[in-house]
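Undergrad: Just protein-v2.csv, nothing more (CSV, N, CA and C atoms):
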```
chain,number,residue,atom,x,y,z
A,1,MET,N,15.4,10.1,-24.4
A,1,MET,CA,14.1,10.6,-23.9
A,1,MET,C,13.3,9.5,-23.4
A,2,ILE,N,12.7,9.6,-22.3
A,2,ILE,CA,11.8,8.5,-21.7
A,2,ILE,C,10.5,8.7,-22.4
A,3,GLN,N,10.0,7.5,-22.9
A,3,GLN,CA,8.7,7.5,-23.6
A,3,GLN,C,7.6,7.9,-22.5
A,4,SER,N,6.5,8.4,-23.0
A,4,SER,CA,5.4,8.8,-22.1
A,4,SER,C,4.8,7.6,-21.3
A,5,VAL,N,4.8,7.8,-20.0
A,5,VAL,CA,4.2,6.8,-19.2
A,5,VAL,C,3.5,7.7,-18.1
A,6,SER,N,2.3,7.3,-17.8
A,6,SER,CA,1.5,8.1,-16.8
A,6,SER,C,1.8,7.7,-15.4
A,7,GLY,N,1.6,8.6,-14.5
A,7,GLY,CA,1.7,8.3,-13.1
A,7,GLY,C,0.7,7.3,-12.7
A,8,ARG,N,-0.5,7.3,-13.4
A,8,ARG,CA,-1.5,6.4,-13.1
A,8,ARG,C,-1.0,4.9,-13.4
A,9,ASP,N,-0.3,4.7,-14.5
A,9,ASP,CA,0.2,3.4,-14.8
A,9,ASP,C,1.2,2.9,-13.7
A,10,ILE,N,2.1,3.8,-13.3
A,10,ILE,CA,3.1,3.5,-12.2
A,10,ILE,C,2.3,3.2,-10.9
A,11,ALA,N,1.4,4.0,-10.5
A,11,ALA,CA,0.6,3.8,-9.3
A,11,ALA,C,-0.2,2.5,-9.4
A,12,LEU,N,-0.7,2.2,-10.6
A,12,LEU,CA,-1.4,0.9,-10.8
A,12,LEU,C,-0.5,-0.3,-10.6
A,13,SER,N,0.7,-0.2,-11.0
A,13,SER,CA,1.7,-1.3,-10.8
A,13,SER,C,1.9,-1.5,-9.3
A,14,GLY,N,1.9,-0.3,-8.5
A,14,GLY,CA,2.1,-0.4,-7.1
A,14,GLY,C,0.9,-1.0,-6.4
A,15,LEU,N,-0.3,-0.7,-6.9
A,15,LEU,CA,-1.5,-1.3,-6.4
A,15,LEU,C,-1.5,-2.8,-6.5
A,16,LYS,N,-1.1,-3.3,-7.7
A,16,LYS,CA,-1.1,-4.7,-8.0
A,16,LYS,C,-0.1,-5.4,-7.1
A,17,ALA,N,1.1,-4.8,-7.0
A,17,ALA,CA,2.2,-5.4,-6.2
A,17,ALA,C,1.8,-5.5,-4.7
A,18,GLN,N,1.1,-4.4,-4.2
A,18,GLN,CA,0.7,-4.4,-2.8
A,18,GLN,C,-0.4,-5.4,-2.6
A,19,ARG,N,-1.3,-5.6,-3.6
A,19,ARG,CA,-2.3,-6.6,-3.4
A,19,ARG,C,-1.8,-8.0,-3.3
A,20,VAL,N,-0.7,-8.3,-4.1
A,20,VAL,CA,-0.1,-9.6,-4.0
A,20,VAL,C,0.6,-9.7,-2.6
A,21,ARG,N,1.2,-8.7,-2.2
A,21,ARG,CA,1.8,-8.7,-0.9
A,21,ARG,C,0.8,-9.0,0.2
A,22,MET,N,-0.4,-8.3,0.2
A,22,MET,CA,-1.4,-8.6,1.2
A,22,MET,C,-1.9,-10.0,1.1
A,23,ASN,N,-2.0,-10.6,-0.1
A,23,ASN,CA,-2.4,-12.0,-0.3
A,23,ASN,C,-1.4,-12.9,0.4
A,24,VAL,N,-0.1,-12.6,0.2
A,24,VAL,CA,0.9,-13.4,0.8
A,24,VAL,C,0.8,-13.3,2.3
A,25,ILE,N,0.6,-12.1,2.9
A,25,ILE,CA,0.5,-12.0,4.3
A,25,ILE,C,-0.7,-12.7,4.8
A,26,ALA,N,-1.8,-12.7,4.1
A,26,ALA,CA,-3.0,-13.4,4.5
A,26,ALA,C,-2.8,-14.9,4.5
A,27,LEU,N,-2.0,-15.4,3.5
A,27,LEU,CA,-1.6,-16.8,3.5
A,27,LEU,C,-0.8,-17.2,4.8
A,28,ASN,N,0.1,-16.3,5.1
A,28,ASN,CA,1.0,-16.5,6.3
A,28,ASN,C,0.1,-16.6,7.6
A,29,ILE,N,-0.8,-15.6,7.7
A,29,ILE,CA,-1.7,-15.6,8.9
A,29,ILE,C,-2.5,-16.9,9.0
A,30,ALA,N,-3.1,-17.2,7.8
A,30,ALA,CA,-3.9,-18.4,7.8
A,30,ALA,C,-3.2,-19.7,8.2
A,31,ASN,N,-1.9,-19.7,7.9
A,31,ASN,CA,-1.1,-20.9,8.2
A,31,ASN,C,-0.2,-20.8,9.4
A,32,ALA,N,-0.5,-19.9,10.3
A,32,ALA,CA,0.4,-19.6,11.5
A,32,ALA,C,0.4,-20.8,12.4
A,33,GLU,N,-0.5,-21.7,12.3
A,33,GLU,CA,-0.5,-22.9,13.2
A,33,GLU,C,-0.4,-24.2,12.4
A,34,THR,N,0.0,-24.1,11.1
A,34,THR,CA,0.1,-25.3,10.3
A,34,THR,C,1.4,-26.1,10.6
A,35,THR,N,1.3,-27.2,11.2
A,35,THR,CA,2.5,-28.0,11.5
A,35,THR,C,2.9,-29.1,10.5
A,36,ARG,N,1.9,-29.3,9.5
A,36,ARG,CA,2.2,-30.4,8.6
A,36,ARG,C,1.8,-29.9,7.2
A,37,THR,N,2.7,-29.9,6.3
A,37,THR,CA,2.5,-29.5,4.9
A,37,THR,C,2.8,-30.7,3.9
A,38,PRO,N,2.3,-30.6,2.7
A,38,PRO,CA,2.6,-31.7,1.7
A,38,PRO,C,4.1,-31.9,1.5
A,39,GLU,N,4.9,-30.8,1.7
A,39,GLU,CA,6.4,-30.9,1.5
A,39,GLU,C,7.0,-31.5,2.8
A,40,GLY,N,6.3,-31.6,3.9
A,40,GLY,CA,6.8,-32.1,5.1
A,40,GLY,C,7.2,-31.0,6.0
A,41,GLY,N,6.9,-31.2,7.3
A,41,GLY,CA,7.3,-30.1,8.3
A,41,GLY,C,6.3,-29.0,8.3
A,42,PRO,N,6.5,-28.0,9.1
A,42,PRO,CA,5.6,-26.9,9.3
A,42,PRO,C,5.6,-26.0,8.1
A,43,PHE,N,4.6,-25.1,8.0
A,43,PHE,CA,4.5,-24.1,7.0
A,43,PHE,C,5.6,-23.1,7.1
A,44,ARG,N,6.2,-22.7,6.0
A,44,ARG,CA,7.3,-21.7,6.0
A,44,ARG,C,6.7,-20.3,5.6
A,45,ARG,N,7.0,-19.3,6.3
A,45,ARG,CA,6.5,-18.0,6.0
A,45,ARG,C,6.9,-17.6,4.6
A,46,GLN,N,6.0,-16.9,3.9
A,46,GLN,CA,6.3,-16.5,2.5
A,46,GLN,C,6.5,-15.0,2.5
A,47,LEU,N,7.3,-14.6,1.5
A,47,LEU,CA,7.6,-13.1,1.3
A,47,LEU,C,7.5,-12.8,-0.1
A,48,ALA,N,6.9,-11.6,-0.4
A,48,ALA,CA,6.9,-11.1,-1.8
A,48,ALA,C,8.1,-10.3,-2.0
A,49,VAL,N,8.8,-10.6,-3.1
A,49,VAL,CA,10.0,-9.8,-3.5
A,49,VAL,C,9.7,-8.9,-4.6
A,50,PHE,N,9.9,-7.6,-4.4
A,50,PHE,CA,9.5,-6.6,-5.4
A,50,PHE,C,10.7,-6.2,-6.3
A,51,ARG,N,10.4,-5.8,-7.5
A,51,ARG,CA,11.5,-5.3,-8.4
A,51,ARG,C,10.9,-4.0,-9.0
A,52,GLY,N,11.8,-3.0,-9.0
A,52,GLY,CA,11.4,-1.7,-9.6
A,52,GLY,C,12.3,-1.4,-10.7
A,53,GLU,N,11.8,-0.6,-11.7
A,53,GLU,CA,12.6,-0.1,-12.8
A,53,GLU,C,12.7,1.4,-12.7
A,54,GLN,N,14.0,1.8,-12.8
A,54,GLN,CA,14.3,3.3,-12.6
A,54,GLN,C,13.9,4.0,-13.9
A,55,MET,N,13.5,5.3,-13.7
A,55,MET,CA,13.2,6.1,-14.9
A,55,MET,C,14.6,6.7,-15.4
A,56,ARG,N,14.9,6.3,-16.6
A,56,ARG,CA,16.2,6.8,-17.2
A,56,ARG,C,16.0,6.7,-18.7
A,57,PRO,N,16.9,7.4,-19.4
A,57,PRO,CA,16.8,7.4,-20.9
A,57,PRO,C,16.9,6.0,-21.4
A,58,GLY,N,16.0,5.6,-22.3
A,58,GLY,CA,16.0,4.3,-22.9
A,58,GLY,C,15.2,3.3,-22.1
A,59,ALA,N,14.7,3.7,-20.9
A,59,ALA,CA,13.9,2.7,-20.1
A,59,ALA,C,12.6,2.3,-20.8
A,60,ASN,N,12.3,1.1,-20.8
A,60,ASN,CA,11.0,0.6,-21.3
A,60,ASN,C,9.9,1.0,-20.5
A,61,PRO,N,9.0,1.9,-21.0
A,61,PRO,CA,7.9,2.4,-20.2
A,61,PRO,C,6.9,1.3,-19.7
A,62,GLU,N,6.9,0.1,-20.4
A,62,GLU,CA,6.1,-1.0,-19.9
A,62,GLU,C,6.6,-1.6,-18.6
A,63,ARG,N,7.9,-1.3,-18.3
A,63,ARG,CA,8.5,-1.9,-17.1
A,63,ARG,C,8.6,-0.9,-16.0
A,64,LEU,N,8.2,0.3,-16.2
A,64,LEU,CA,8.3,1.3,-15.1
A,64,LEU,C,7.3,0.9,-14.0
A,65,GLY,N,7.6,1.3,-12.8
A,65,GLY,CA,6.8,1.0,-11.6
A,65,GLY,C,7.4,-0.1,-10.8
A,66,VAL,N,6.6,-0.9,-10.3
A,66,VAL,CA,7.1,-2.0,-9.4
A,66,VAL,C,6.3,-3.3,-9.8
A,67,ARG,N,7.0,-4.4,-9.7
A,67,ARG,CA,6.4,-5.7,-10.0
A,67,ARG,C,6.9,-6.7,-8.9
A,68,VAL,N,6.1,-7.7,-8.7
A,68,VAL,CA,6.5,-8.8,-7.8
A,68,VAL,C,7.4,-9.7,-8.6
A,69,LYS,N,8.7,-9.7,-8.2
A,69,LYS,CA,9.7,-10.5,-8.9
A,69,LYS,C,9.4,-12.0,-8.7
A,70,ARG,N,9.2,-12.3,-7.4
A,70,ARG,CA,8.9,-13.7,-7.0
A,70,ARG,C,8.4,-13.8,-5.6
A,71,ILE,N,7.9,-14.9,-5.2
A,71,ILE,CA,7.5,-15.2,-3.8
A,71,ILE,C,8.5,-16.2,-3.3
A,72,ILE,N,9.1,-15.9,-2.2
A,72,ILE,CA,10.2,-16.7,-1.6
A,72,ILE,C,9.7,-17.2,-0.2
A,73,ALA,N,10.4,-18.3,0.2
A,73,ALA,CA,10.1,-18.8,1.6
A,73,ALA,C,11.2,-18.2,2.5
A,74,ASP,N,10.7,-17.8,3.7
A,74,ASP,CA,11.6,-17.2,4.7
A,74,ASP,C,12.3,-18.4,5.3
A,75,ASP,N,13.6,-18.4,5.3
A,75,ASP,CA,14.4,-19.6,5.8
A,75,ASP,C,14.8,-19.4,7.3
A,76,SER,N,14.2,-18.5,8.0
A,76,SER,CA,14.4,-18.3,9.4
A,76,SER,C,14.0,-19.6,10.2
A,77,PRO,N,14.6,-19.9,11.3
A,77,PRO,CA,14.2,-21.1,12.0
A,77,PRO,C,12.8,-21.2,12.5
A,78,PHE,N,12.3,-22.4,12.6
A,78,PHE,CA,10.9,-22.6,13.1
A,78,PHE,C,10.9,-22.3,14.6
A,79,ARG,N,9.7,-22.0,15.0
A,79,ARG,CA,9.5,-21.9,16.5
A,79,ARG,C,9.3,-23.3,17.1
A,80,THR,N,9.7,-23.5,18.3
A,80,THR,CA,9.4,-24.7,18.9
A,80,THR,C,8.5,-24.5,20.2
A,81,VAL,N,7.5,-25.3,20.3
A,81,VAL,CA,6.6,-25.2,21.4
A,81,VAL,C,6.5,-26.5,22.1
A,82,TYR,N,6.5,-26.5,23.5
A,82,TYR,CA,6.4,-27.7,24.2
A,82,TYR,C,4.9,-28.1,24.3
A,83,ASN,N,4.5,-29.2,23.7
A,83,ASN,CA,3.2,-29.7,23.7
A,83,ASN,C,3.2,-31.2,23.4
A,84,PRO,N,3.5,-32.0,24.4
A,84,PRO,CA,3.7,-33.4,24.2
A,84,PRO,C,2.4,-34.1,23.7
A,85,ALA,N,1.2,-33.5,23.9
A,85,ALA,CA,0.0,-34.1,23.4
A,85,ALA,C,-0.3,-33.9,21.9
A,86,HIS,N,0.5,-33.0,21.3
A,86,HIS,CA,0.3,-32.7,19.9
A,86,HIS,C,0.8,-33.9,19.0
A,87,PRO,N,0.0,-34.3,17.9
A,87,PRO,CA,0.4,-35.4,17.1
A,87,PRO,C,1.8,-35.2,16.4
A,88,ASP,N,2.2,-34.0,16.2
A,88,ASP,CA,3.5,-33.8,15.6
A,88,ASP,C,4.7,-33.5,16.6
A,89,ALA,N,4.4,-33.8,17.8
A,89,ALA,CA,5.5,-33.6,18.8
A,89,ALA,C,6.6,-34.6,18.7
A,90,ASP,N,7.8,-34.2,18.9
A,90,ASP,CA,9.0,-35.1,18.9
A,90,ASP,C,9.0,-35.9,20.2
A,91,ALA,N,10.1,-36.7,20.3
A,91,ALA,CA,10.2,-37.6,21.5
A,91,ALA,C,10.3,-36.8,22.8
A,92,ASP,N,10.8,-35.5,22.7
A,92,ASP,CA,10.9,-34.7,23.9
A,92,ASP,C,9.7,-33.9,24.2
A,93,GLY,N,8.7,-34.0,23.3
A,93,GLY,CA,7.4,-33.3,23.5
A,93,GLY,C,7.4,-31.9,22.8
A,94,TYR,N,8.3,-31.6,22.0
A,94,TYR,CA,8.4,-30.3,21.3
A,94,TYR,C,7.8,-30.4,19.9
A,95,VAL,N,7.1,-29.4,19.5
A,95,VAL,CA,6.4,-29.3,18.2
A,95,VAL,C,7.1,-28.1,17.4
A,96,LYS,N,7.5,-28.4,16.2
A,96,LYS,CA,8.0,-27.3,15.3
A,96,LYS,C,6.8,-26.6,14.8
A,97,MET,N,6.8,-25.3,15.0
A,97,MET,CA,5.7,-24.5,14.5
A,97,MET,C,6.2,-23.5,13.4
A,98,PRO,N,5.3,-23.0,12.6
A,98,PRO,CA,5.7,-22.1,11.5
A,98,PRO,C,6.5,-20.9,12.0
A,99,ASN,N,7.4,-20.4,11.2
A,99,ASN,CA,8.3,-19.3,11.5
A,99,ASN,C,7.5,-18.0,11.3
A,100,ILE,N,6.3,-17.9,11.8
A,100,ILE,CA,5.4,-16.8,11.6
A,100,ILE,C,5.2,-16.1,12.9
A,101,SER,N,5.4,-14.8,12.9
A,101,SER,CA,5.1,-13.9,14.1
A,101,SER,C,3.9,-13.1,13.7
A,102,MET,N,2.8,-13.2,14.5
A,102,MET,CA,1.6,-12.4,14.1
A,102,MET,C,1.9,-10.9,14.2
A,103,ALA,N,2.7,-10.5,15.1
A,103,ALA,CA,3.1,-9.1,15.3
A,103,ALA,C,3.7,-8.6,14.0
A,104,VAL,N,4.7,-9.4,13.5
A,104,VAL,CA,5.4,-9.0,12.2
A,104,VAL,C,4.4,-9.0,11.1
A,105,GLU,N,3.5,-10.0,11.0
A,105,GLU,CA,2.6,-10.0,9.9
A,105,GLU,C,1.6,-8.8,9.9
A,106,MET,N,1.2,-8.4,11.1
A,106,MET,CA,0.3,-7.3,11.2
A,106,MET,C,1.0,-6.0,10.9
A,107,VAL,N,2.2,-5.8,11.2
A,107,VAL,CA,3.0,-4.6,10.8
A,107,VAL,C,3.2,-4.6,9.3
A,108,ASP,N,3.5,-5.8,8.7
A,108,ASP,CA,3.6,-5.8,7.3
A,108,ASP,C,2.3,-5.5,6.6
A,109,LEU,N,1.2,-6.0,7.2
A,109,LEU,CA,-0.1,-5.8,6.6
A,109,LEU,C,-0.4,-4.3,6.6
A,110,ILE,N,-0.1,-3.6,7.7
A,110,ILE,CA,-0.4,-2.2,7.8
A,110,ILE,C,0.5,-1.4,6.8
A,111,SER,N,1.7,-1.8,6.7
A,111,SER,CA,2.6,-1.2,5.7
A,111,SER,C,2.1,-1.4,4.3
A,112,ALA,N,1.7,-2.6,4.0
A,112,ALA,CA,1.1,-2.8,2.6
A,112,ALA,C,-0.1,-2.0,2.4
A,113,GLN,N,-1.0,-1.9,3.4
A,113,GLN,CA,-2.2,-1.1,3.3
A,113,GLN,C,-1.9,0.4,3.0
A,114,ARG,N,-0.9,0.9,3.8
A,114,ARG,CA,-0.5,2.3,3.6
A,114,ARG,C,0.1,2.6,2.2
A,115,ALA,N,0.9,1.6,1.7
A,115,ALA,CA,1.4,1.8,0.4
A,115,ALA,C,0.3,1.7,-0.6
A,116,TYR,N,-0.6,0.8,-0.4
A,116,TYR,CA,-1.8,0.7,-1.3
A,116,TYR,C,-2.5,2.0,-1.4
A,117,ASP,N,-2.8,2.6,-0.2
A,117,ASP,CA,-3.5,3.9,-0.1
A,117,ASP,C,-2.7,5.0,-0.7
A,118,ALA,N,-1.4,5.0,-0.6
A,118,ALA,CA,-0.6,6.0,-1.2
A,118,ALA,C,-0.7,6.0,-2.7
A,119,ASN,N,-0.7,4.8,-3.3
A,119,ASN,CA,-0.9,4.6,-4.7
A,119,ASN,C,-2.2,5.1,-5.2
A,120,ILE,N,-3.2,4.9,-4.4
A,120,ILE,CA,-4.6,5.4,-4.8
A,120,ILE,C,-4.6,6.9,-4.8
A,121,ALA,N,-3.9,7.5,-3.8
A,121,ALA,CA,-3.8,8.9,-3.7
A,121,ALA,C,-3.1,9.5,-4.9
A,122,VAL,N,-2.1,8.8,-5.4
A,122,VAL,CA,-1.4,9.3,-6.6
A,122,VAL,C,-2.4,9.3,-7.8
A,123,MET,N,-3.2,8.2,-7.9
A,123,MET,CA,-4.1,8.1,-9.0
A,123,MET,C,-5.2,9.2,-8.9
A,124,VAL,N,-5.7,9.5,-7.7
A,124,VAL,CA,-6.7,10.5,-7.6
A,124,VAL,C,-6.1,11.9,-7.9
A,125,SER,N,-4.9,12.1,-7.4
A,125,SER,CA,-4.2,13.4,-7.7
A,125,SER,C,-4.0,13.6,-9.2
A,126,GLU,N,-3.6,12.6,-9.9
A,126,GLU,CA,-3.4,12.7,-11.3
A,126,GLU,C,-4.7,13.0,-12.0
A,127,ARG,N,-5.7,12.4,-11.6
A,127,ARG,CA,-7.0,12.6,-12.2
A,127,ARG,C,-7.5,14.1,-12.0
A,128,ARG,N,-7.3,14.6,-10.8
A,128,ARG,CA,-7.6,16.0,-10.4
A,128,ARG,C,-6.8,17.0,-11.3
A,129,MET,N,-5.5,16.7,-11.4
A,129,MET,CA,-4.6,17.5,-12.2
A,129,MET,C,-5.1,17.6,-13.7
A,130,ASN,N,-5.4,16.4,-14.2
A,130,ASN,CA,-5.9,16.3,-15.6
A,130,ASN,C,-7.2,17.1,-15.8
A,131,GLN,N,-8.1,17.0,-14.8
A,131,GLN,CA,-9.4,17.7,-14.9
A,131,GLN,C,-9.1,19.2,-14.8
A,132,ARG,N,-8.2,19.6,-13.9
A,132,ARG,CA,-7.9,21.0,-13.8
A,132,ARG,C,-7.3,21.5,-15.1
A,133,ALA,N,-6.4,20.8,-15.7
A,133,ALA,CA,-5.8,21.2,-17.0
A,133,ALA,C,-6.9,21.4,-18.1
A,134,LEU,N,-7.8,20.4,-18.1
A,134,LEU,CA,-8.9,20.6,-19.1
A,134,LEU,C,-9.8,21.8,-18.8
A,135,GLU,N,-10.0,22.1,-17.6
A,135,GLU,CA,-10.7,23.4,-17.2
A,135,GLU,C,-10.0,24.6,-17.7
A,136,ILE,N,-8.7,24.6,-17.5
A,136,ILE,CA,-7.9,25.7,-17.9
A,136,ILE,C,-7.9,25.9,-19.4
A,137,ILE,N,-7.8,24.8,-20.2
A,137,ILE,CA,-7.8,24.8,-21.6
A,137,ILE,C,-9.1,25.3,-22.2
A,138,GLN,N,-10.2,24.9,-21.5
A,138,GLN,CA,-11.5,25.3,-22.0
A,138,GLN,C,-11.8,26.8,-21.8
A,139,ARG,N,-11.1,27.5,-21.0
A,139,ARG,CA,-11.3,28.9,-20.7
A,139,ARG,C,-11.0,29.8,-21.9
```
Here is a file; write its structure as structure tokens.

TA:
Amino acid sequence: MIQSVSGRDIALSGLKAQRVRMNVIALNIANAETTRTPEGGPFRRQLAVFRGEQMRPGANPERLGVRVKRIIADDSPFRTVYNPAHPDADADGYVKMPNISMAVEMVDLISAQRAYDANIAVMVSERRMNQRALEIIQR
């Protein structure tokens, strides 16, 4: 038997995970033009990797929901832009730019926002159901 865990707790884990995802997206957008990092080279796009726990007999209720497993660097190739006046240009005048597409980041941001909103809707719905159950009991 699965120990009692509320939908609120699971939705809350989703809110926390999507908040981290939005922070990672904000970091990517802020560094979309960063050509020099302390590690050397342009900024690499970051991605939040989620991990979910399935509801099954014996599952630890503390682990139900979703968590950010880790933040990883996207290893897709850097963009190259011809700009011989840039201080980081190579001998041929090309600059390696971060592997960030603003269109992709905006789509990811909208997706994260919708998932965040869906988790809030779950929490509101559970609160309404609990209030309704209390009203029924009081009759």

Undergrad: So the first atom is CA of Thr35 (chain A) and the second is CA of Ile72 (chain A); what is the distance between them in Å, to one decimal place?

TA: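 For CA of Thr35 (chain A) relative to CA of Ile72 (chain A), the distance reads 18.9 Å.
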
Undergrad: Measuring between only C-alpha atoms, which one of A:Asn83, A:Ser125, A:Asn99, A:Gln131 shows the shortest distance to Leu47 (chain A)?

TA: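 Result for the nearest residue to Leu47 (chain A): A:Asn99.
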
Undergrad: Need to verify the contact set: Ile120 (chain A), 9 Å, only C-alpha atoms, exclusion of same-chain residues closer than 5 positions in sequence. Can you return it as a compact mmCIF listing (two decimals) with N, CA and C atoms, in the frame of the given file?

TA:
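That gives us result34.txt:
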```
# COMPACT_ATOMS: atom_id res chain seq x y z
N ARG A 8 -0.50 7.30 -13.40
CA ARG A 8 -1.50 6.40 -13.10
C ARG A 8 -1.00 4.90 -13.40
N ALA A 11 1.40 4.00 -10.50
CA ALA A 11 0.60 3.80 -9.30
C ALA A 11 -0.20 2.50 -9.40
N LEU A 12 -0.70 2.20 -10.60
CA LEU A 12 -1.40 0.90 -10.80
C LEU A 12 -0.50 -0.30 -10.60
N LEU A 15 -0.30 -0.70 -6.90
CA LEU A 15 -1.50 -1.30 -6.40
C LEU A 15 -1.50 -2.80 -6.50
N ALA A 115 0.90 1.60 1.70
CA ALA A 115 1.40 1.80 0.40
C ALA A 115 0.30 1.70 -0.60
N SER A 125 -4.90 12.10 -7.40
CA SER A 125 -4.20 13.40 -7.70
C SER A 125 -4.00 13.60 -9.20
```

Undergrad: Which one of A:Met102, A:Met55, A:Val68, A:Leu109 sits closest to Ala17 (chain A) if you count only N, CA and C atoms?

TA: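 Among the listed residues, A:Val68 lies closest to Ala17 (chain A).
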
Undergrad: Kindly give the distance, in Å, that separates atom N of Arg63 (chain A) and atom C of Gln18 (chain A), rounded to a single decimal.

TA: 18.2 Å

Undergrad: Write out as number ranges by chain each polymer residue whose atoms come within 10 Å of Ala112 (chain A), counting only C-alpha atoms; drop sequence neighbours fewer than 5 positions from it.

TA: A: 15, 17-22, 25, 106-107, 117-118

Undergrad: Residues of chain A in strand (DSSP E or B) according to DSSP, as a PyMOL selection string?

TA: chain A and resi 46-53+65-73+79-82+94-97

Undergrad: Can you tell me, as a PyMOL selection string, what residues are no more than 6.5 Å from region 84-97 of chain A when counting all atoms listed in the file, ignoring any on the same chain fewer than 2 positions away?

TA: chain A and resi 32-35+42-43+78-82+99-100
